[in-house]
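What follows is one structure encoded as C-alpha cells, with my remarks underneath.
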Amino acid sequence: MPGSLPLNAEACWPKDVGIVALEIYFPSQYVDQAELEKYDGVDAGKYTIGLGQAKMGFCTDREDINSLCMTVVQNLMERNSLSYDCIGRLEVGTETIIDKSKSVKTNLMQLFEESGNTDIEGIDTTNACYGGTAAVFNAINWIESSSWDGLRGTHMQHAYDFYKPDMLSEYPIVDGKLSIQCYLSALDRCYSVYRKKIRAQWQKEGKDKDFTLNEFGFMIFHSPYCKLVQKSLARMLLNDFLNDQNRDKNSIYSGLEAFGDVKLEDTYFDRDVEKAFMKASSELFNQKTKASLLVSNQNGNMYTSSVYGSLASVLAQYSPQQLAGKRIGVFSYGSGLAATLYSLRVTQDATPGSALDKITASLCDLKSRLDSRTCVAPDVFAENMKLREETHHLVNYIPQSSIDSLFEGTWYLVRVDEKHRRTYARRPSPNDDTLDEGVGLVHSSTATELIPSPAKKVPRLPATAPEPEATVISNGEH
C-alpha cells in the first residue's frame with residue numbers, strides 16, 4: 001500500500017545516505033567581463049559591479065550538453081576510482097535538450113559499454129535550473145526510500161519568466177523583472193515552509209524556538225548572477241526580521257525598525273528595503289555565503305548545476321575540520337518555476353581517509369583549475385557565439401573550433417551526420433595509456449579526428465561502409 005512502511009523499516013533502510021563524491025566541469029575558456037563591457041559599449045561596471053561578475057566561461061561549437069555530461073561523468077568515475085559495473089542508477093538533471101525524444105542519459109550509456117552494465121535506472125530530469133536538484137532527490141529516494149522526511153521547503157508554480165520555446169535556437173525568452181520577482185517570491189515561500197516544518201519537528205522534541213539564518217553554517221543559492229545571491233541572503237534576513245516577535249531585543253536588527261510593517265510581496269523592488277537588509281546581513285553574507293560564489297563569479301550562470309557549483313566552491317575552500325557537523329542551506333531555483341530550500345548536514349567524521357576528507361581533497365584544485373583557463377578577447381568570444389548560433393542543429397556538420405584549447409580529458413563533438421547522429425571523442429588525458437591499434441578515424445576535407453580505443457570507455461565508429469563526406473559549414477569569417 002502506498003505510504004505504508006514495514007515494521008522493521010528502521011533496521012533495513014540504509015543510514016546517512018547523501019553526497020559522497022562531487023565533480024565539477026567548466027569550459028576551458030572565459031571572457032573577462034571588464035573587457036566585454038568595453039566591447040559591448042556599455043557603462044563600465046555594468047557587468048562587473050551591477051551583476052558582480054568578473055569572468056564568464058563559454059563553450060565553443062565543440063561542446064554541447066551531451067559532451068559536457070560525458071566529460072563530467074568520466075572525470076567523476078576516474079577521480080574517485082569508481083567501477084562502471086557498480087552503478088545502478090544514473091539520472092541527468094538538465095534544462096537543455098538536443099533531441100525532443102532521445103535523452104542525454106542514453107548518450108552517457110556509451111561510457112558503460114565495455115563494462116557490460118546496462119542495468120542502470122534513471123533518465124533525464126528537465127526543468128530549467130531545477131533539473132539537477134530533482135535528479136539528486138530522485139537518486140537519494142532510490143537508494144533509501146525513507147529519505148523524504150518532510151523537511152524540504154518546496155514551491156512550484158506556472159510562470160513565463162524564462163523559457164525556451166524555439167527548438168531551433170539556443171537562446172531563451174526572458175522577462176527580466178518577472179524573473180527576479182519569481183526568484184525572490186519562491187525564496188520567501190520555500191524559507192517559510194522550511195522554517196515551519198523545522199519548528200514543528202523541534203516542538204515534538206521539546207524545543208520551543210524559531211529557525212533562523214543562524215542555524216545554517218553555510219547558505220548557498222542558485223546563482224544566475226552573484227549580486228542576486230547577496231540580495232537573497234538579505235531577503236532571508238528580512239523574513240527572519242518579520243517573523244521575530246522579539247526583534248526589538250535582537251541587535252542584528254538595529255536600525256531596521258522602520259520596516260516592521262512591510263509586506264513581503266510589496267518589497268521585491270523596494271530599494272530602501274533592499275539596501276537596508278543587505279547592509280544588515282553583510283557579515284552573515286561574508287560568513288555563510290561569499291565563499292560559495294567562487295565558481296559563479298569566475299564562470300557565470302551554469303543553470304541547473306549552478307547551486308552545486310556553489311556547493312563545490314564551499315567544499316574546495318574549507319578543511320574537513322571546518323566543515324564537520326555544519327548544516328548547509330541550499331536554495332535551488334528553476335524558472336517556470338520550481339524551487340526547493342533544503343539542508344545538508346555535513347558528517348562529523350573529518351579524520352584522514354574519511355568520506356569528508358576524500359570529497360574535499362578531490363575539489364582542492366578547483367581554484368587552480370579556474371586559473372588555468374585561457375582568456376580570450378571579446379571579439380573572439382562573439383565570433384564563437386555567432387558560430388554556435390549559425391550551426392545550431394545543422395546536419396552534415398563538423399565543428400570548426402580547435403580542440404587544442406580544451407582541457408585534457410574533455411569530451412567534444414566530432415561531427416553531426418545527415419541523420420542528426422552525434423559522434424564524440426575525448427581529448428587524451430595524461431593518465432591515458434597508449435592508444436590501441438585499429439583506432440577509428442573520421443575524415444573530412446579539413447580535419448582528421450582521432451577516436452580513442454573503446455578500452456578507454458570511448459565509443460568507436462561502427463565498421464560499416466564509408467559514409468558520405470561531411471560538409472564543413474563556415475560563416476566565411478574564420
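FYI, nothing fancy with the C-alpha cells labels: chains A, B, ... in order, residues from 1 per chain, ligands from 1 as they appear.
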
Legend entry - Filtered DSSP result for range 131-165 of chain A, state alpha helix (DSSP H), as a list of chain:residue names: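 Everything in range 131-165 of chain A that counts as alpha helix (DSSP H) is A:Gly131, A:Gly132, A:Thr133, A:Ala134, A:Ala135, A:Val136, A:Phe137, A:Asn138, A:Ala139, A:Ile140, A:Asn141, A:Trp142, A:Ile143.
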
Inset, instruction - Can you pull out every residue within 8 Å of range 222-236 of chain A, counting only C-alpha atoms, but drop anything in the same chain fewer than 6 positions away, and send it as a ChimeraX atom specification? - result: /A:50-53,129,184,187-188,191,213,274,277-278,280-281,285,289,293,296-297,300-303,306-307,310,331-333

With N, CA, C and O atoms kept, could you save the residues just selected as a CSV table (one decimal), in the first residue's frame?
```csv
chain,number,residue,atom,x,y,z
A,50,GLY,N,27.4,45.8,-11.4
A,50,GLY,CA,25.9,45.6,-11.5
A,50,GLY,C,25.5,44.1,-11.3
A,50,GLY,O,24.5,43.8,-10.7
A,51,LEU,N,26.3,43.2,-11.9
A,51,LEU,CA,26.0,41.8,-11.8
A,51,LEU,C,27.0,41.1,-10.9
A,51,LEU,O,26.8,39.9,-10.6
A,52,GLY,N,28.0,41.8,-10.5
A,52,GLY,CA,29.0,41.1,-9.6
A,52,GLY,C,29.8,40.1,-10.3
A,52,GLY,O,30.2,39.1,-9.7
A,53,GLN,N,30.0,40.2,-11.6
A,53,GLN,CA,30.6,39.2,-12.4
A,53,GLN,C,32.0,39.6,-12.9
A,53,GLN,O,32.2,40.7,-13.3
A,129,CYS,N,16.7,25.5,-14.3
A,129,CYS,CA,17.8,25.3,-13.4
A,129,CYS,C,17.5,24.4,-12.2
A,129,CYS,O,18.4,24.2,-11.4
A,184,LEU,N,12.7,35.7,-6.0
A,184,LEU,CA,12.6,36.2,-4.6
A,184,LEU,C,11.3,35.7,-4.0
A,184,LEU,O,11.3,35.3,-2.8
A,187,LEU,N,11.8,32.1,-3.0
A,187,LEU,CA,12.7,32.0,-1.8
A,187,LEU,C,11.9,32.3,-0.6
A,187,LEU,O,12.0,31.6,0.4
A,188,ASP,N,11.1,33.3,-0.6
A,188,ASP,CA,10.2,33.6,0.6
A,188,ASP,C,9.4,32.4,0.9
A,188,ASP,O,9.3,32.1,2.1
A,191,TYR,N,11.5,29.3,2.2
A,191,TYR,CA,12.0,29.5,3.5
A,191,TYR,C,10.9,29.5,4.6
A,191,TYR,O,11.1,28.9,5.7
A,213,LEU,N,18.5,32.2,10.2
A,213,LEU,CA,19.7,32.0,9.4
A,213,LEU,C,20.9,31.6,10.3
A,213,LEU,O,21.8,30.9,9.8
A,274,GLU,N,15.9,46.8,0.3
A,274,GLU,CA,17.0,46.0,-0.2
A,274,GLU,C,18.3,46.5,0.4
A,274,GLU,O,19.1,45.7,0.9
A,277,PHE,N,18.7,45.9,4.3
A,277,PHE,CA,18.9,44.5,4.7
A,277,PHE,C,20.2,43.9,4.1
A,277,PHE,O,20.8,43.0,4.7
A,278,MET,N,20.6,44.4,3.0
A,278,MET,CA,21.9,44.0,2.5
A,278,MET,C,23.0,44.5,3.5
A,278,MET,O,24.0,43.8,3.7
A,280,ALA,N,22.6,45.1,6.7
A,280,ALA,CA,22.5,44.4,8.0
A,280,ALA,C,23.0,43.0,7.9
A,280,ALA,O,23.4,42.4,8.9
A,281,SER,N,22.9,42.4,6.7
A,281,SER,CA,23.3,41.0,6.5
A,281,SER,C,24.7,40.8,6.0
A,281,SER,O,25.1,39.7,5.6
A,285,PHE,N,26.6,37.4,5.2
A,285,PHE,CA,27.0,37.0,3.8
A,285,PHE,C,28.5,36.6,3.8
A,285,PHE,O,28.8,35.6,3.1
A,289,THR,N,28.0,32.7,2.9
A,289,THR,CA,27.7,32.6,1.5
A,289,THR,C,28.8,33.1,0.5
A,289,THR,O,28.9,32.5,-0.6
A,293,LEU,N,30.4,31.6,-4.0
A,293,LEU,CA,30.3,32.3,-5.2
A,293,LEU,C,31.6,32.2,-6.1
A,293,LEU,O,31.7,32.8,-7.1
A,296,SER,N,30.7,30.7,-9.5
A,296,SER,CA,29.8,31.6,-10.2
A,296,SER,C,30.4,32.9,-10.6
A,296,SER,O,30.2,33.4,-11.7
A,297,ASN,N,31.2,33.5,-9.7
A,297,ASN,CA,31.9,34.7,-10.1
A,297,ASN,C,32.9,34.6,-11.2
A,297,ASN,O,33.1,35.5,-12.1
A,300,GLY,N,30.2,32.4,-14.4
A,300,GLY,CA,28.9,32.8,-14.8
A,300,GLY,C,27.8,31.7,-14.4
A,300,GLY,O,28.1,30.7,-13.8
A,301,ASN,N,26.6,32.0,-14.9
A,301,ASN,CA,25.5,31.1,-14.6
A,301,ASN,C,25.6,29.7,-15.3
A,301,ASN,O,25.8,29.7,-16.5
A,302,MET,N,25.6,28.7,-14.5
A,302,MET,CA,25.7,27.3,-15.1
A,302,MET,C,24.4,26.6,-15.1
A,302,MET,O,24.3,25.4,-15.2
A,303,TYR,N,23.3,27.4,-14.9
A,303,TYR,CA,21.9,26.9,-15.0
A,303,TYR,C,21.7,25.8,-13.9
A,303,TYR,O,21.9,26.0,-12.7
A,306,SER,N,24.2,25.2,-11.2
A,306,SER,CA,24.7,26.4,-10.5
A,306,SER,C,24.9,26.2,-9.0
A,306,SER,O,25.9,26.5,-8.4
A,307,VAL,N,23.8,25.7,-8.4
A,307,VAL,CA,23.8,25.6,-6.9
A,307,VAL,C,24.8,24.6,-6.5
A,307,VAL,O,25.4,24.7,-5.4
A,310,SER,N,28.1,26.0,-6.4
A,310,SER,CA,28.3,26.8,-5.1
A,310,SER,C,28.7,25.8,-4.0
A,310,SER,O,29.5,26.2,-3.2
A,331,PHE,N,19.3,26.6,-1.6
A,331,PHE,CA,18.2,27.1,-2.3
A,331,PHE,C,18.4,26.8,-3.8
A,331,PHE,O,19.2,27.4,-4.4
A,332,SER,N,17.5,25.9,-4.3
A,332,SER,CA,17.6,25.6,-5.7
A,332,SER,C,16.4,26.2,-6.4
A,332,SER,O,15.2,26.0,-6.0
A,333,TYR,N,16.6,26.9,-7.5
A,333,TYR,CA,15.5,27.5,-8.3
A,333,TYR,C,15.6,27.2,-9.8
A,333,TYR,O,16.7,27.3,-10.3
```

Inset, instruction - Give me, please, the distance in Å between CA of Lys367 in chain A and CA of Tyr308 in chain A, quoted to one decimal. - result: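 Value for the CA of Lys367 in chain A-CA of Tyr308 in chain A distance: 15.5 Å.
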
Legend entry - Closest of A:Met219, A:Gly206, A:Tyr25, A:Tyr130 to Leu76 in chain A - atom-to-atom distances counting only C-alpha atoms: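 Counting only C-alpha atoms, the residue closest to Leu76 in chain A is A:Tyr25.
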
Inset, instruction - Quick one: everything within 12 Å of Asp371 in chain A, counting only C-alpha atoms, minus sequence neighbours fewer than 3 positions away in the same chain. Send it as a ChimeraX atom specification. - result: /A:26-30,55,57,294-295,298-299,365-368,374-375

Inset, instruction - Please identify which residues in range 54-233 of chain A DSSP calls strand (DSSP E or B) from the backbone, and express them as a list in words. - result: Lys55, Met56, Gly57, Arg89, Val92, Gly93, Thr94, Glu121, Asp124, Thr125, Thr126, Asn127, Cys129, Gly153, Thr154, His155, Met156, Phe162, Tyr163, Ile173, Val174, Phe218, Met219, Ile220 and Phe221 of chain A

Hey, can you spit out that residue selection with C-alpha atoms as a compact mmCIF listing (two decimals), in the first residue's frame?
```
# COMPACT_ATOMS: atom_id res chain seq x y z
CA LYS A 55 34.70 36.37 -15.79
CA MET A 56 32.31 34.28 -17.87
CA GLY A 57 33.07 30.83 -19.20
CA ARG A 89 21.19 4.45 -11.26
CA VAL A 92 20.68 13.50 -15.59
CA GLY A 93 19.48 16.85 -14.28
CA THR A 94 19.43 19.46 -17.01
CA GLU A 121 17.96 3.01 -13.96
CA ASP A 124 16.73 12.87 -17.71
CA THR A 125 15.00 15.24 -15.30
CA THR A 126 14.35 18.52 -17.04
CA ASN A 127 13.08 21.84 -15.71
CA CYS A 129 17.81 25.29 -13.39
CA GLY A 153 10.53 23.59 1.63
CA THR A 154 9.30 23.44 -1.97
CA HIS A 155 7.39 25.91 -4.11
CA MET A 156 6.28 25.36 -7.72
CA PHE A 162 12.38 32.42 -18.57
CA TYR A 163 11.65 29.77 -21.16
CA ILE A 173 12.78 34.36 -23.94
CA VAL A 174 13.30 36.28 -20.70
CA PHE A 218 26.62 27.98 5.18
CA MET A 219 23.83 29.17 2.91
CA ILE A 220 24.18 28.59 -0.83
CA PHE A 221 21.89 29.57 -3.69
```

Inset, instruction - Record the distance separating CA of Pro428 in chain A and CA of Ser372 in chain A, expressed in Å with one decimal. - result: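 According to the coordinates, CA of Pro428 in chain A and CA of Ser372 in chain A are separated by 17.5 Å.
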
Inset, instruction - Excluding range 255-266 of chain A and residues on its chain fewer than 2 positions from it, collect all residues at most 12 Å away from it, counting only C-alpha atoms, and give them as a ChimeraX atom specification. - result: /A:181-182,184-189,192,235-253,268-281

Inset, instruction - Give the answer as one residue: which of A:Asn138, A:Leu90, A:Thr267, A:Tyr424 has the shortest atom-to-atom distance to Ile180 in chain A, using only C-alpha atoms? - result: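 The shortest atom-to-atom distance to Ile180 in chain A comes from A:Thr267.
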